[in-house]
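Chemist: For reference, this is coords-v5.csv, and it has CSV, C-alpha atoms.
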chain,number,residue,atom,x,y,z
H,16,THR,CA,0.0,0.0,0.0
H,17,GLY,CA,3.0,2.2,-0.3
H,18,GLU,CA,6.6,2.4,-1.6
H,19,LEU,CA,9.3,0.0,-0.5
H,20,TYR,CA,11.8,2.2,1.3
H,21,SER,CA,15.3,1.1,2.4
H,22,ASN,CA,18.1,3.0,4.1
H,23,LYS,CA,20.0,-0.2,4.8
H,24,PRO,CA,22.0,-2.3,2.2
H,25,LEU,CA,19.5,-4.5,0.4
H,26,THR,CA,19.7,-7.3,-2.2
H,27,ILE,CA,16.5,-8.7,-3.7
H,28,ASP,CA,16.7,-11.7,-6.1
H,29,GLY,CA,13.5,-12.7,-7.9
H,30,GLY,CA,14.8,-16.1,-8.8
H,31,MET,CA,14.3,-17.9,-12.1
H,32,ASP,CA,10.7,-16.9,-12.5
H,33,ARG,CA,11.2,-13.2,-11.9
H,34,VAL,CA,9.2,-11.7,-9.1
H,35,THR,CA,7.1,-8.7,-9.8
H,36,ILE,CA,7.0,-5.7,-7.5
H,37,THR,CA,4.1,-3.5,-8.5
H,38,ARG,CA,1.7,-0.7,-7.4
H,39,SER,CA,-1.9,-1.8,-7.8
H,40,SER,CA,-3.7,-0.5,-10.8
H,41,ALA,CA,-7.1,-0.7,-9.0
H,42,PRO,CA,-9.2,2.4,-9.1
H,43,GLY,CA,-8.6,4.7,-6.1
H,44,THR,CA,-5.0,3.4,-5.5
H,45,PRO,CA,-2.9,6.4,-4.4
H,46,GLU,CA,0.1,7.5,-6.5
H,47,PHE,CA,3.5,6.4,-5.2
H,48,ARG,CA,6.8,5.2,-6.5
H,49,VAL,CA,7.5,1.5,-6.1
H,50,ILE,CA,11.0,1.5,-4.5
H,51,PHE,CA,13.1,4.3,-2.8
H,52,PHE,CA,16.7,3.6,-1.8
H,53,GLU,CA,18.4,6.3,0.3
H,54,GLY,CA,22.1,6.3,1.3
H,55,VAL,CA,22.7,2.6,0.6
H,56,ASN,CA,24.0,0.1,-1.9
H,57,ALA,CA,21.2,-2.0,-3.4
H,58,VAL,CA,21.1,-4.9,-5.9
H,59,LEU,CA,17.9,-5.9,-7.7
H,60,SER,CA,18.2,-9.1,-9.7
H,61,ARG,CA,15.6,-10.9,-11.8
H,62,LEU,CA,12.7,-8.6,-10.9
H,63,ILE,CA,10.0,-6.7,-12.7
H,64,VAL,CA,9.2,-3.3,-11.2
H,65,SER,CA,6.1,-1.7,-12.6
H,66,ASN,CA,3.2,0.7,-12.4
H,67,GLY,CA,4.8,3.4,-10.3
H,68,ARG,CA,3.1,6.7,-10.4
H,69,SER,CA,4.4,10.1,-9.2
H,70,SER,CA,3.2,13.6,-9.8
H,71,THR,CA,6.8,14.8,-9.1
H,72,PHE,CA,9.7,12.5,-10.2
H,73,ALA,CA,11.1,9.0,-10.2
H,74,SER,CA,7.9,6.9,-10.5
H,75,ASN,CA,9.3,3.3,-10.3
H,76,ILE,CA,12.7,3.5,-8.5
H,77,ARG,CA,14.2,6.5,-6.8
H,78,ILE,CA,17.8,6.4,-5.5
H,79,ARG,CA,19.1,9.2,-3.3
H,80,PHE,CA,22.8,9.3,-2.2
H,81,ALA,CA,22.8,5.6,-3.1
H,82,SER,CA,24.0,3.1,-5.7
H,83,LEU,CA,21.8,0.6,-7.5
H,84,VAL,CA,22.7,-2.4,-9.6
H,85,LEU,CA,20.0,-3.9,-11.8
H,86,ASN,CA,20.7,-7.4,-13.0
H,87,ASP,CA,18.4,-9.1,-15.6
H,88,SER,CA,15.5,-6.9,-14.4
H,89,ILE,CA,12.7,-5.0,-16.1
H,90,VAL,CA,11.4,-1.5,-15.1
H,91,ARG,CA,8.2,-0.7,-17.0
H,92,ASP,CA,4.7,0.9,-17.0
H,93,SER,CA,5.3,4.0,-15.0
H,94,SER,CA,4.3,7.6,-15.0
H,95,ALA,CA,6.1,10.7,-13.6
H,96,SER,CA,6.7,14.3,-14.4
H,97,VAL,CA,10.5,13.7,-14.4
H,98,GLY,CA,12.2,10.4,-14.9
H,99,ILE,CA,11.4,6.8,-14.3
H,100,LEU,CA,14.6,6.1,-12.4
H,101,LEU,CA,16.2,9.1,-10.8
H,102,SER,CA,19.3,9.6,-8.7
H,103,PHE,CA,20.4,12.5,-6.5
H,104,GLY,CA,23.7,12.7,-4.8
Can you dump the structure from the file as structure tokens?

Modeler:
Amino acid sequence: TGELYSNKPLTIDGGMDRVTITRSSAPGTPEFRVIFFEGVNAVLSRLIVSNGRSSTFASNIRIRFASLVLNDSIVRDSSASVGILLSFG
């Protein structure tokens, strides 16, 4: 019901079938980005990240003062004023 936020090192591996992390598309679902990493090193492998919505910026994945490695992953179906994946710092 809200974004996945991490300010601690994190690795997520979706396995051979690729796990999907998504914001619901049901009517009335509030806008939010799917994942926000702040000040950490993160690794996302074999995932599908989708349906993020933001009226500001970085609708699917936002990284702030962090590093992100995407391995064999898909980022799709998002909407934001500025950027789908955005980094500051």

Chemist: Give me the residues near Gly67 (chain H) as a list in words, where near means some atom within 9 Å (using only C-alpha atoms) and where sequence neighbours in that chain fewer than 4 positions away do not count.

Modeler: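 The filter keeps Glu18, Thr37, Arg38, Ser39, Glu46, Phe47, Arg48, Val49, Ile50, Ala73, Ser74, Asn75, Ile76, Arg91, Asp92, Ser93, Ser94, Ala95 and Ile99 of chain H.
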
Chemist: Report, in Å to a single decimal, how far apart CA of Leu62 (chain H) and CA of Ile78 (chain H) are.

Modeler: 16.7 Å

Chemist: What does the structure give for the distance between CA of Pro45 (chain H) and CA of Lys23 (chain H), in Å to one decimal?

Modeler: 25.5 Å

Chemist: Rank nothing, just name the residue among H:Thr44, H:Arg33, H:Ala57, H:Ser69 nearest to Ser82 (chain H), using all atoms listed in the file.

Modeler: H:Ala57

Chemist: Just the number, please: distance in Å from CA of Asn56 (chain H) to CA of Pro24 (chain H), one decimal.

Modeler: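 CA of Pro24 (chain H) lies at a distance of 5.2 Å from CA of Asn56 (chain H).
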
Chemist: Neighbours of Ile89 (chain H) within 9 Å (all atoms listed in the file; same-chain residues fewer than 2 positions away dropped), as a ChimeraX atom specification?

Modeler: /H:61-65,85-87,91

Chemist: Let me make sure I understand: among H:Phe72, H:Leu59, H:Phe52, H:Val90, which one has the smallest atom-to-atom distance to Gly29 (chain H) if we use all atoms listed in the file?

Modeler: H:Leu59

Chemist: Determine the nearest neighbour of Val55 (chain H) from the options H:Ala81, H:Thr26, H:Leu19, H:Thr35, counting only C-alpha atoms.

Modeler: H:Ala81

Chemist: Which is closer to Asn22 (chain H) than all the others in H:Arg68, H:Val34, H:Ser40, H:Arg79, using all atoms listed in the file?

Modeler: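 That would be H:Arg79, the residue with the smallest distance to Asn22 (chain H).
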
Chemist: Go through H:Asp32, H:Val84, H:Gly17, H:Ser96 and flag the residue nearest Val58 (chain H), using all atoms listed in the file for the distances.

Modeler: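 Closest residue, counting all atoms listed in the file: H:Val84.
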
Chemist: Write region 70-81 of chain H as an mmCIF file, in the coordinates of the input, completed to all heavy atoms.

Modeler:
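result35.cif was written with the following content:
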data_model
loop_
_atom_site.group_PDB
_atom_site.id
_atom_site.type_symbol
_atom_site.label_atom_id
_atom_site.label_comp_id
_atom_site.auth_asym_id
_atom_site.auth_seq_id
_atom_site.Cartn_x
_atom_site.Cartn_y
_atom_site.Cartn_z
ATOM 1 N N SER H 70 3.490 12.328 -9.225
ATOM 2 C CA SER H 70 3.200 13.600 -9.800
ATOM 3 C C SER H 70 4.474 14.505 -9.809
ATOM 4 O O SER H 70 4.483 15.590 -10.346
ATOM 5 C CB SER H 70 2.067 14.331 -9.128
ATOM 6 O OG SER H 70 2.370 14.498 -7.769
ATOM 7 N N THR H 71 5.538 14.008 -9.160
ATOM 8 C CA THR H 71 6.800 14.800 -9.100
ATOM 9 C C THR H 71 7.845 14.083 -9.967
ATOM 10 O O THR H 71 7.967 14.360 -11.136
ATOM 11 C CB THR H 71 7.275 14.950 -7.664
ATOM 12 O OG1 THR H 71 7.420 13.670 -7.042
ATOM 13 C CG2 THR H 71 6.318 15.808 -6.865
ATOM 14 N N PHE H 72 8.612 13.148 -9.404
ATOM 15 C CA PHE H 72 9.700 12.500 -10.200
ATOM 16 C C PHE H 72 9.926 11.088 -9.687
ATOM 17 O O PHE H 72 9.481 10.693 -8.616
ATOM 18 C CB PHE H 72 10.987 13.321 -10.077
ATOM 19 C CG PHE H 72 11.366 13.712 -8.679
ATOM 20 C CD1 PHE H 72 12.027 12.842 -7.842
ATOM 21 C CD2 PHE H 72 11.018 14.960 -8.202
ATOM 22 C CE1 PHE H 72 12.366 13.205 -6.542
ATOM 23 C CE2 PHE H 72 11.346 15.324 -6.904
ATOM 24 C CZ PHE H 72 12.013 14.457 -6.075
ATOM 25 N N ALA H 73 10.647 10.329 -10.526
ATOM 26 C CA ALA H 73 11.100 9.000 -10.200
ATOM 27 C C ALA H 73 9.900 8.068 -9.817
ATOM 28 O O ALA H 73 9.687 7.786 -8.655
ATOM 29 C CB ALA H 73 12.153 8.942 -9.158
ATOM 30 N N SER H 74 9.147 7.619 -10.788
ATOM 31 C CA SER H 74 7.900 6.900 -10.500
ATOM 32 C C SER H 74 8.129 5.434 -10.072
ATOM 33 O O SER H 74 7.403 4.933 -9.231
ATOM 34 C CB SER H 74 6.970 6.947 -11.647
ATOM 35 O OG SER H 74 7.586 6.390 -12.795
ATOM 36 N N ASN H 75 9.078 4.717 -10.665
ATOM 37 C CA ASN H 75 9.300 3.300 -10.300
ATOM 38 C C ASN H 75 10.358 3.138 -9.243
ATOM 39 O O ASN H 75 10.138 2.510 -8.219
ATOM 40 C CB ASN H 75 9.560 2.444 -11.502
ATOM 41 C CG ASN H 75 8.307 1.882 -12.128
ATOM 42 O OD1 ASN H 75 7.286 1.780 -11.483
ATOM 43 N ND2 ASN H 75 8.371 1.527 -13.386
ATOM 44 N N ILE H 76 11.549 3.672 -9.493
ATOM 45 C CA ILE H 76 12.700 3.500 -8.500
ATOM 46 C C ILE H 76 13.333 4.874 -8.371
ATOM 47 O O ILE H 76 13.717 5.502 -9.344
ATOM 48 C CB ILE H 76 13.694 2.506 -9.049
ATOM 49 C CG1 ILE H 76 13.053 1.133 -9.296
ATOM 50 C CG2 ILE H 76 14.841 2.378 -8.039
ATOM 51 C CD1 ILE H 76 13.994 0.143 -9.963
ATOM 52 N N ARG H 77 13.481 5.288 -7.126
ATOM 53 C CA ARG H 77 14.200 6.500 -6.800
ATOM 54 C C ARG H 77 15.435 6.113 -5.988
ATOM 55 O O ARG H 77 15.290 5.330 -5.032
ATOM 56 C CB ARG H 77 13.399 7.515 -6.076
ATOM 57 C CG ARG H 77 14.186 8.781 -5.768
ATOM 58 C CD ARG H 77 13.370 9.797 -5.032
ATOM 59 N NE ARG H 77 14.209 10.951 -4.715
ATOM 60 C CZ ARG H 77 13.888 11.869 -3.830
ATOM 61 N NH1 ARG H 77 12.759 11.791 -3.174
ATOM 62 N NH2 ARG H 77 14.702 12.875 -3.598
ATOM 63 N N ILE H 78 16.588 6.637 -6.335
ATOM 64 C CA ILE H 78 17.800 6.400 -5.500
ATOM 65 C C ILE H 78 18.325 7.789 -5.126
ATOM 66 O O ILE H 78 18.428 8.682 -5.943
ATOM 67 C CB ILE H 78 18.825 5.546 -6.215
ATOM 68 C CG1 ILE H 78 19.224 6.108 -7.576
ATOM 69 C CG2 ILE H 78 18.338 4.129 -6.349
ATOM 70 C CD1 ILE H 78 20.294 5.324 -8.284
ATOM 71 N N ARG H 79 18.621 7.943 -3.840
ATOM 72 C CA ARG H 79 19.100 9.200 -3.300
ATOM 73 C C ARG H 79 20.350 8.947 -2.480
ATOM 74 O O ARG H 79 20.278 8.219 -1.486
ATOM 75 C CB ARG H 79 18.045 9.911 -2.495
ATOM 76 C CG ARG H 79 18.453 11.268 -1.990
ATOM 77 C CD ARG H 79 17.261 11.973 -1.344
ATOM 78 N NE ARG H 79 17.605 13.324 -1.030
ATOM 79 C CZ ARG H 79 18.015 13.724 0.175
ATOM 80 N NH1 ARG H 79 18.109 12.865 1.167
ATOM 81 N NH2 ARG H 79 18.323 14.973 0.386
ATOM 82 N N PHE H 80 21.488 9.529 -2.881
ATOM 83 C CA PHE H 80 22.800 9.300 -2.200
ATOM 84 C C PHE H 80 22.973 7.767 -2.046
ATOM 85 O O PHE H 80 23.324 7.280 -0.979
ATOM 86 C CB PHE H 80 22.821 9.977 -0.846
ATOM 87 C CG PHE H 80 22.637 11.450 -0.938
ATOM 88 C CD1 PHE H 80 21.498 12.056 -0.434
ATOM 89 C CD2 PHE H 80 23.590 12.242 -1.555
ATOM 90 C CE1 PHE H 80 21.316 13.434 -0.528
ATOM 91 C CE2 PHE H 80 23.424 13.619 -1.649
ATOM 92 C CZ PHE H 80 22.283 14.216 -1.139
ATOM 93 N N ALA H 81 22.701 7.024 -3.118
ATOM 94 C CA ALA H 81 22.800 5.600 -3.100
ATOM 95 C C ALA H 81 23.307 5.052 -4.405
ATOM 96 O O ALA H 81 23.465 5.803 -5.365
ATOM 97 C CB ALA H 81 21.362 5.002 -2.840
#
